[in-house]
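The next block is coords06.pdb, given as PDB, C-alpha atoms.
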```
ATOM      1  CA  MET A 251       0.000   0.000   0.000  1.00  0.00           C
ATOM      2  CA  SER A 252       2.861   2.401   0.717  1.00  0.00           C
ATOM      3  CA  ALA A 253       4.006   1.953  -2.893  1.00  0.00           C
ATOM      4  CA  ALA A 254       0.551   2.926  -4.104  1.00  0.00           C
ATOM      5  CA  VAL A 255       0.526   6.096  -2.045  1.00  0.00           C
ATOM      6  CA  ALA A 256       4.047   6.953  -3.175  1.00  0.00           C
ATOM      7  CA  ALA A 257       2.907   6.605  -6.778  1.00  0.00           C
ATOM      8  CA  ALA A 258      -0.042   8.845  -6.025  1.00  0.00           C
ATOM      9  CA  ALA A 259       2.320  11.439  -4.589  1.00  0.00           C
ATOM     10  CA  ALA A 260       4.424  11.376  -7.754  1.00  0.00           C
ATOM     11  CA  ALA A 261       1.288  11.826  -9.829  1.00  0.00           C
ATOM     12  CA  ALA A 262       0.324  14.860  -7.768  1.00  0.00           C
ATOM     13  CA  VAL A 263       3.715  16.485  -8.220  1.00  0.00           C
ATOM     14  CA  LYS A 264       3.664  15.851 -11.985  1.00  0.00           C
ATOM     15  CA  SER A 265       0.134  17.187 -12.432  1.00  0.00           C
ATOM     16  CA  ARG A 266       0.927  20.357 -10.539  1.00  0.00           C
ATOM     17  CA  ALA A 267       4.147  20.873 -12.458  1.00  0.00           C
ATOM     18  CA  ASN A 268       2.161  20.712 -15.696  1.00  0.00           C
ATOM     19  CA  GLY A 269      -0.475  23.049 -14.341  1.00  0.00           C
ATOM     20  CA  THR A 270      -3.143  20.373 -14.415  1.00  0.00           C
ATOM     21  CA  SER A 271      -4.974  18.400 -11.777  1.00  0.00           C
ATOM     22  CA  SER A 272      -6.498  14.962 -11.648  1.00  0.00           C
ATOM     23  CA  LEU A 273      -9.895  14.118 -10.212  1.00  0.00           C
ATOM     24  CA  PRO A 274      -9.380  14.341  -7.315  1.00  0.00           C
ATOM     25  CA  PRO A 275      -5.749  15.493  -6.853  1.00  0.00           C
ATOM     26  CA  ALA A 276      -3.523  12.630  -5.797  1.00  0.00           C
ATOM     27  CA  PRO A 277      -2.674  12.213  -2.123  1.00  0.00           C
ATOM     28  CA  GLY A 278       0.968  12.116  -1.196  1.00  0.00           C
ATOM     29  CA  TYR A 279       3.622  12.750   1.410  1.00  0.00           C
ATOM     30  CA  GLY A 280       4.596  16.351   1.846  1.00  0.00           C
ATOM     31  CA  VAL A 281       3.537  17.731  -1.518  1.00  0.00           C
ATOM     32  CA  PRO A 282       4.027  21.456  -0.842  1.00  0.00           C
ATOM     33  CA  GLU A 283       1.263  23.889  -1.746  1.00  0.00           C
ATOM     34  CA  SER A 284       0.979  27.414  -0.348  1.00  0.00           C
ATOM     35  CA  GLY A 285       3.394  26.615   2.446  1.00  0.00           C
ATOM     36  CA  TYR A 286       1.762  23.311   3.309  1.00  0.00           C
ATOM     37  CA  SER A 287       3.896  20.355   4.275  1.00  0.00           C
ATOM     38  CA  MET A 288       3.176  16.846   5.436  1.00  0.00           C
ATOM     39  CA  PHE A 289       3.994  18.007   8.963  1.00  0.00           C
ATOM     40  CA  SER A 290       1.128  20.499   8.987  1.00  0.00           C
ATOM     41  CA  PRO A 291      -2.586  20.047   9.636  1.00  0.00           C
ATOM     42  CA  PRO A 292      -5.071  20.997   6.895  1.00  0.00           C
ATOM     43  CA  TYR A 293      -5.125  24.700   6.037  1.00  0.00           C
ATOM     44  CA  GLY A 294      -7.003  26.774   8.596  1.00  0.00           C
ATOM     45  CA  VAL A 295      -7.174  23.980  11.164  1.00  0.00           C
ATOM     46  CA  PRO A 296      -5.306  24.447  14.495  1.00  0.00           C
ATOM     47  CA  GLN A 297      -2.409  22.057  14.925  1.00  0.00           C
ATOM     48  CA  SER A 298      -3.780  21.193  18.354  1.00  0.00           C
ATOM     49  CA  ASP A 299      -6.642  19.414  16.595  1.00  0.00           C
ATOM     50  CA  TYR A 300      -4.150  16.966  15.108  1.00  0.00           C
ATOM     51  CA  PRO A 301      -1.787  15.746  17.878  1.00  0.00           C
ATOM     52  CA  MET A 302      -0.015  13.389  15.517  1.00  0.00           C
ATOM     53  CA  PHE A 303       1.336  16.278  13.414  1.00  0.00           C
ATOM     54  CA  SER A 304       2.892  17.808  16.528  1.00  0.00           C
ATOM     55  CA  LEU A 305       4.493  14.484  17.403  1.00  0.00           C
ATOM     56  CA  ILE A 306       5.936  14.036  13.924  1.00  0.00           C
ATOM     57  CA  SER A 307       7.280  17.570  13.572  1.00  0.00           C
ATOM     58  CA  SER A 308       8.947  17.603  16.984  1.00  0.00           C
ATOM     59  CA  SER A 309      10.262  14.076  17.283  1.00  0.00           C
ATOM     60  CA  PRO A 310      13.658  13.225  15.696  1.00  0.00           C
ATOM     61  CA  ALA A 311      13.248   9.535  16.503  1.00  0.00           C
ATOM     62  CA  ILE A 312      10.617   8.578  13.929  1.00  0.00           C
ATOM     63  CA  ALA A 313      12.881   5.785  12.704  1.00  0.00           C
ATOM     64  CA  SER A 314      12.615   4.151  16.125  1.00  0.00           C
ATOM     65  CA  LEU A 315       8.888   3.570  15.681  1.00  0.00           C
ATOM     66  CA  SER A 316       7.625   0.125  14.866  1.00  0.00           C
ATOM     67  CA  ARG A 317       6.835  -0.646  11.259  1.00  0.00           C
ATOM     68  CA  TYR A 318       3.121  -0.586  12.032  1.00  0.00           C
ATOM     69  CA  GLU A 319       3.238   2.800  13.778  1.00  0.00           C
ATOM     70  CA  SER A 320       5.349   4.324  11.004  1.00  0.00           C
ATOM     71  CA  GLN A 321       2.976   3.086   8.330  1.00  0.00           C
ATOM     72  CA  LYS A 322      -0.026   4.290  10.329  1.00  0.00           C
ATOM     73  CA  ARG A 323       1.415   7.783  10.519  1.00  0.00           C
ATOM     74  CA  ARG A 324       2.132   7.879   6.788  1.00  0.00           C
ATOM     75  CA  ASP A 325      -1.369   6.622   5.990  1.00  0.00           C
ATOM     76  CA  TRP A 326      -2.957   9.191   8.275  1.00  0.00           C
ATOM     77  CA  ILE A 327      -0.982  12.107   6.857  1.00  0.00           C
ATOM     78  CA  THR A 328      -1.837  10.965   3.353  1.00  0.00           C
ATOM     79  CA  PHE A 329      -5.542  10.706   4.086  1.00  0.00           C
ATOM     80  CA  ILE A 330      -5.610  14.169   5.685  1.00  0.00           C
ATOM     81  CA  GLN A 331      -3.980  15.634   2.598  1.00  0.00           C
ATOM     82  CA  TYR A 332      -6.422  13.716   0.417  1.00  0.00           C
ATOM     83  CA  LEU A 333      -9.285  15.435   2.234  1.00  0.00           C
ATOM     84  CA  ARG A 334      -7.589  18.791   1.797  1.00  0.00           C
ATOM     85  CA  ASN A 335      -7.104  18.215  -1.930  1.00  0.00           C
ATOM     86  CA  HIS A 336     -10.682  17.055  -2.342  1.00  0.00           C
ATOM     87  CA  ARG A 337     -12.931  19.213  -4.497  1.00  0.00           C
ATOM     88  CA  PRO A 338     -14.425  20.860  -2.529  1.00  0.00           C
ATOM     89  CA  PRO A 339     -11.993  20.489   0.393  1.00  0.00           C
ATOM     90  CA  LEU A 340     -13.282  18.471   3.329  1.00  0.00           C
ATOM     91  CA  SER A 341     -12.574  18.832   7.017  1.00  0.00           C
ATOM     92  CA  LEU A 342     -12.044  15.735   9.113  1.00  0.00           C
ATOM     93  CA  SER A 343     -15.198  16.486  11.086  1.00  0.00           C
ATOM     94  CA  ARG A 344     -17.238  16.252   7.865  1.00  0.00           C
ATOM     95  CA  CYS A 345     -15.566  13.100   6.593  1.00  0.00           C
ATOM     96  CA  SER A 346     -17.914  10.156   6.116  1.00  0.00           C
ATOM     97  CA  GLY A 347     -17.719   6.539   5.098  1.00  0.00           C
ATOM     98  CA  ALA A 348     -18.454   7.659   1.526  1.00  0.00           C
ATOM     99  CA  ASN A 349     -15.199   9.638   1.509  1.00  0.00           C
ATOM    100  CA  VAL A 350     -13.326   6.590   2.777  1.00  0.00           C
ATOM    101  CA  LEU A 351     -14.758   4.570  -0.119  1.00  0.00           C
ATOM    102  CA  GLU A 352     -13.692   7.275  -2.589  1.00  0.00           C
ATOM    103  CA  PHE A 353     -10.174   7.155  -1.171  1.00  0.00           C
ATOM    104  CA  MET A 354      -9.896   3.376  -1.527  1.00  0.00           C
ATOM    105  CA  LYS A 355     -11.306   3.394  -5.058  1.00  0.00           C
ATOM    106  CA  TYR A 356      -8.915   6.176  -6.004  1.00  0.00           C
ATOM    107  CA  LEU A 357      -5.930   4.122  -4.828  1.00  0.00           C
ATOM    108  CA  ASP A 358      -7.007   1.276  -7.122  1.00  0.00           C
ATOM    109  CA  GLN A 359      -5.292   2.952 -10.048  1.00  0.00           C
ATOM    110  CA  PHE A 360      -1.952   2.413  -8.305  1.00  0.00           C
ATOM    111  CA  GLY A 361      -2.641  -1.239  -7.443  1.00  0.00           C
ATOM    112  CA  LYS A 362      -0.382  -4.115  -8.411  1.00  0.00           C
ATOM    113  CA  THR A 363      -2.805  -7.007  -8.094  1.00  0.00           C
ATOM    114  CA  LYS A 364      -4.286  -8.421 -11.302  1.00  0.00           C
ATOM    115  CA  VAL A 365      -8.051  -8.850 -10.975  1.00  0.00           C
ATOM    116  CA  HIS A 366      -9.587 -10.766 -13.885  1.00  0.00           C
ATOM    117  CA  VAL A 367     -12.957  -9.690 -15.271  1.00  0.00           C
ATOM    118  CA  GLU A 368     -15.640 -12.325 -15.830  1.00  0.00           C
ATOM    119  CA  THR A 369     -15.142 -12.309 -19.608  1.00  0.00           C
ATOM    120  CA  CYS A 370     -11.421 -13.039 -19.257  1.00  0.00           C
ATOM    121  CA  PRO A 371     -10.451 -16.646 -20.144  1.00  0.00           C
ATOM    122  CA  TYR A 372      -8.288 -16.690 -17.009  1.00  0.00           C
ATOM    123  CA  PHE A 373     -11.091 -15.679 -14.647  1.00  0.00           C
ATOM    124  CA  GLY A 374     -10.805 -17.793 -11.520  1.00  0.00           C
ATOM    125  CA  GLU A 375      -7.317 -19.126 -12.287  1.00  0.00           C
ATOM    126  CA  ILE A 376      -4.618 -18.766  -9.665  1.00  0.00           C
ATOM    127  CA  ASP A 377      -1.699 -18.942 -12.089  1.00  0.00           C
ATOM    128  CA  PRO A 378      -2.753 -17.800 -15.593  1.00  0.00           C
ATOM    129  CA  PRO A 379      -0.531 -19.232 -18.358  1.00  0.00           C
ATOM    130  CA  ALA A 380      -0.299 -15.908 -20.180  1.00  0.00           C
ATOM    131  CA  ALA A 381      -0.781 -12.184 -19.706  1.00  0.00           C
ATOM    132  CA  CYS A 382      -4.124 -10.447 -20.153  1.00  0.00           C
ATOM    133  CA  SER A 383      -5.470  -6.912 -20.235  1.00  0.00           C
ATOM    134  CA  CYS A 384      -7.451  -7.121 -17.002  1.00  0.00           C
ATOM    135  CA  PRO A 385      -7.040  -4.177 -14.598  1.00  0.00           C
ATOM    136  CA  MET A 386      -4.605  -3.966 -11.730  1.00  0.00           C
ATOM    137  CA  LYS A 387      -6.141  -3.061  -8.385  1.00  0.00           C
ATOM    138  CA  GLN A 388      -5.326  -2.859  -4.708  1.00  0.00           C
ATOM    139  CA  ALA A 389      -5.454  -6.271  -3.081  1.00  0.00           C
ATOM    140  CA  TRP A 390      -8.211  -6.776  -0.546  1.00  0.00           C
ATOM    141  CA  GLY A 391      -5.679  -7.523   2.189  1.00  0.00           C
ATOM    142  CA  SER A 392      -3.926  -4.199   1.604  1.00  0.00           C
ATOM    143  CA  LEU A 393      -7.171  -2.230   1.754  1.00  0.00           C
ATOM    144  CA  ASP A 394      -8.340  -4.068   4.844  1.00  0.00           C
ATOM    145  CA  ALA A 395      -5.070  -3.333   6.642  1.00  0.00           C
ATOM    146  CA  LEU A 396      -5.161   0.309   5.507  1.00  0.00           C
ATOM    147  CA  VAL A 397      -8.645   0.833   6.921  1.00  0.00           C
ATOM    148  CA  GLY A 398      -7.597  -0.778  10.190  1.00  0.00           C
ATOM    149  CA  ARG A 399      -4.647   1.584  10.578  1.00  0.00           C
ATOM    150  CA  LEU A 400      -6.673   4.668   9.674  1.00  0.00           C
ATOM    151  CA  ARG A 401      -9.469   3.656  12.013  1.00  0.00           C
ATOM    152  CA  ALA A 402      -6.997   3.526  14.890  1.00  0.00           C
ATOM    153  CA  ALA A 403      -5.314   6.789  13.848  1.00  0.00           C
ATOM    154  CA  PHE A 404      -8.667   8.583  13.710  1.00  0.00           C
ATOM    155  CA  GLU A 405      -9.365   7.842  17.357  1.00  0.00           C
ATOM    156  CA  GLU A 406      -5.777   8.518  18.419  1.00  0.00           C
ATOM    157  CA  ASN A 407      -6.146  12.008  16.954  1.00  0.00           C
ATOM    158  CA  GLY A 408      -9.204  12.839  19.004  1.00  0.00           C
ATOM    159  CA  GLY A 409     -11.900  11.437  16.730  1.00  0.00           C
ATOM    160  CA  ASN A 410     -15.128  10.203  18.264  1.00  0.00           C
ATOM    161  CA  PRO A 411     -15.102   6.366  18.221  1.00  0.00           C
ATOM    162  CA  GLU A 412     -18.872   6.373  17.718  1.00  0.00           C
ATOM    163  CA  ARG A 413     -18.513   8.512  14.580  1.00  0.00           C
ATOM    164  CA  ASN A 414     -15.445   6.878  13.105  1.00  0.00           C
ATOM    165  CA  PRO A 415     -15.910   6.920   9.289  1.00  0.00           C
ATOM    166  CA  PHE A 416     -13.504   3.993   8.883  1.00  0.00           C
ATOM    167  CA  GLY A 417     -15.769   1.826  10.987  1.00  0.00           C
ATOM    168  CA  GLU A 418     -18.988   2.593   9.155  1.00  0.00           C
ATOM    169  CA  ARG A 419     -21.122  -0.244   7.858  1.00  0.00           C
ATOM    170  CA  ALA A 420     -20.712   0.911   4.248  1.00  0.00           C
ATOM    171  CA  VAL A 421     -16.926   0.516   4.535  1.00  0.00           C
ATOM    172  CA  ARG A 422     -17.240  -2.995   5.977  1.00  0.00           C
ATOM    173  CA  ILE A 423     -19.656  -3.994   3.217  1.00  0.00           C
ATOM    174  CA  TYR A 424     -17.347  -2.630   0.539  1.00  0.00           C
ATOM    175  CA  LEU A 425     -14.349  -4.514   1.910  1.00  0.00           C
ATOM    176  CA  LYS A 426     -16.381  -7.731   1.995  1.00  0.00           C
ATOM    177  CA  GLU A 427     -17.455  -7.197  -1.624  1.00  0.00           C
ATOM    178  CA  VAL A 428     -13.850  -6.601  -2.677  1.00  0.00           C
ATOM    179  CA  ARG A 429     -12.726  -9.729  -0.828  1.00  0.00           C
ATOM    180  CA  ASP A 430     -15.398 -11.919  -2.401  1.00  0.00           C
ATOM    181  CA  SER A 431     -15.019 -10.547  -5.924  1.00  0.00           C
ATOM    182  CA  GLN A 432     -11.231 -10.836  -5.865  1.00  0.00           C
ATOM    183  CA  ALA A 433     -11.432 -14.358  -4.483  1.00  0.00           C
ATOM    184  CA  LYS A 434     -13.583 -15.412  -7.442  1.00  0.00           C
ATOM    185  CA  ALA A 435     -11.567 -13.501 -10.013  1.00  0.00           C
ATOM    186  CA  ARG A 436      -8.196 -14.779  -8.786  1.00  0.00           C
ATOM    187  CA  GLY A 437      -9.278 -18.279  -7.842  1.00  0.00           C
ATOM    188  CA  ILE A 438      -8.241 -17.984  -4.216  1.00  0.00           C
ATOM    189  CA  LEU A 439      -9.966 -18.465  -0.893  1.00  0.00           C
ATOM    190  CA  TYR A 440      -9.695 -16.151   2.062  1.00  0.00           C
ATOM    191  CA  GLU A 441      -9.943 -18.058   5.306  1.00  0.00           C
ATOM    192  CA  LYS A 442     -12.206 -16.490   7.874  1.00  0.00           C
ATOM    193  CA  LYS A 443     -10.712 -15.875  11.280  1.00  0.00           C
ATOM    194  CA  LYS A 444     -12.200 -18.286  13.767  1.00  0.00           C
ATOM    195  CA  ARG A 445     -13.319 -16.824  17.040  1.00  0.00           C
ATOM    196  CA  LYS A 446     -11.838 -18.485  20.070  1.00  0.00           C
ATOM    197  CA  LYS A 447     -14.437 -20.182  22.186  1.00  0.00           C
ATOM    198  CA  ARG A 448     -14.610 -18.987  25.736  1.00  0.00           C
ATOM    199  CA  VAL A 449     -13.715 -21.648  28.237  1.00  0.00           C
ATOM    200  CA  GLN A 450     -16.393 -21.803  30.848  1.00  0.00           C
ATOM    201  CA  GLU A 451     -15.179 -22.218  34.368  1.00  0.00           C
ATOM    202  CA  GLU A 452     -16.820 -25.066  36.207  1.00  0.00           C
TER     203      GLU A 452
END
```

What's the structure tokens form of this structure?
Amino acid sequence: MSAAVAAAAAAAVKSRANGTSSLPPAPGYGVPESGYSMFSPPYGVPQSDYPMFSLISSSPAIASLSRYESQKRRDWITFIQYLRNHRPPLSLSRCSGANVLEFMKYLDQFGKTKVHVETCPYFGEIDPPAACSCPMKQAWGSLDALVGRLRAAFEENGGNPERNPFGERAVRIYLKEVRDSQAKARGILYEKKKRKKRVQEE
């Protein structure tokens, strides 16, 4: 997923250099615009509303973070900038599950997972014998992990757990649809996590 966001950042820089913009502008890490940097909250929003930006800008020991925490920070910064680049711009308080879906669908263009369409002769095959023109998308596992990190980051930055857009039913349904459709298209099975049975004390 980090490769996808990095590609999106490059696309944003290129589009701005050419004086054009995509729909919506690509998210990225630290793409400067009017003095904005990846270590700043959205324009017009107090930095105190985004504790994570203060942590990142003041801490020289980012490299000491775990891989998960580092990725979570990058994902969060990217999503905040995505909201800022949205047309019209969106504040975090107005972000909904629909915006989360838009973000995931947007990242599909930078995916590296081949997803066969139903008319493809290799639909449902794990190892196709030849190449095809089917689209590349983000793998379900990558999207699922991304949403999990952003859901945690939202609450860590003061978001209301009861109004967390990353936990909305529409997002869960979308992820399930992506999982099922990719499983059929790629000929793979995703094993469901089994819940551990509670041991009753006698």

Among listed residues A:Phe416, A:Phe404, A:Trp390, A:Tyr424, nearest Arg323 (chain A) (using all atoms listed in the file): A:Phe404

Residues in the PyMOL selection byres ((chain A and resi 352) around 12), expressed as a PDB file with C-alpha atoms, keeping the file's coordinate frame:
```pdb
ATOM      1  CA  LEU A 273      -9.895  14.118 -10.212  1.00  0.00           C
ATOM      2  CA  PRO A 274      -9.380  14.341  -7.315  1.00  0.00           C
ATOM      3  CA  ALA A 276      -3.523  12.630  -5.797  1.00  0.00           C
ATOM      4  CA  PHE A 329      -5.542  10.706   4.086  1.00  0.00           C
ATOM      5  CA  TYR A 332      -6.422  13.716   0.417  1.00  0.00           C
ATOM      6  CA  LEU A 333      -9.285  15.435   2.234  1.00  0.00           C
ATOM      7  CA  HIS A 336     -10.682  17.055  -2.342  1.00  0.00           C
ATOM      8  CA  CYS A 345     -15.566  13.100   6.593  1.00  0.00           C
ATOM      9  CA  SER A 346     -17.914  10.156   6.116  1.00  0.00           C
ATOM     10  CA  GLY A 347     -17.719   6.539   5.098  1.00  0.00           C
ATOM     11  CA  ALA A 348     -18.454   7.659   1.526  1.00  0.00           C
ATOM     12  CA  ASN A 349     -15.199   9.638   1.509  1.00  0.00           C
ATOM     13  CA  VAL A 350     -13.326   6.590   2.777  1.00  0.00           C
ATOM     14  CA  LEU A 351     -14.758   4.570  -0.119  1.00  0.00           C
ATOM     15  CA  PHE A 353     -10.174   7.155  -1.171  1.00  0.00           C
ATOM     16  CA  MET A 354      -9.896   3.376  -1.527  1.00  0.00           C
ATOM     17  CA  LYS A 355     -11.306   3.394  -5.058  1.00  0.00           C
ATOM     18  CA  TYR A 356      -8.915   6.176  -6.004  1.00  0.00           C
ATOM     19  CA  LEU A 357      -5.930   4.122  -4.828  1.00  0.00           C
ATOM     20  CA  ASP A 358      -7.007   1.276  -7.122  1.00  0.00           C
ATOM     21  CA  PHE A 416     -13.504   3.993   8.883  1.00  0.00           C
ATOM     22  CA  ALA A 420     -20.712   0.911   4.248  1.00  0.00           C
ATOM     23  CA  VAL A 421     -16.926   0.516   4.535  1.00  0.00           C
ATOM     24  CA  TYR A 424     -17.347  -2.630   0.539  1.00  0.00           C
TER      25      TYR A 424
END
```

Long-range neighbours of Lys387 (chain A) as number ranges by chain, 12 Å cut-off, only C-alpha atoms, 5 positions minimum in chain: A: 251, 254, 354-367, 392-393, 428, 431-432, 435-436

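Across the model, the gap from CA of Arg422 (chain A) to CA of Asn410 (chain A) is 18.2 Å.
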
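Using all atoms listed in the file, the smallest distance between any of A:Gln321, A:Asn335, A:Ser383, A:Gln388 and Ala402 (chain A) comes from A:Gln321.
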
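Straight-line separation from CA of Arg334 (chain A) to CA of Ile423 (chain A): 25.8 Å.
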
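Between CA of Phe373 (chain A) and CA of Ile438 (chain A) the separation is 11.1 Å.
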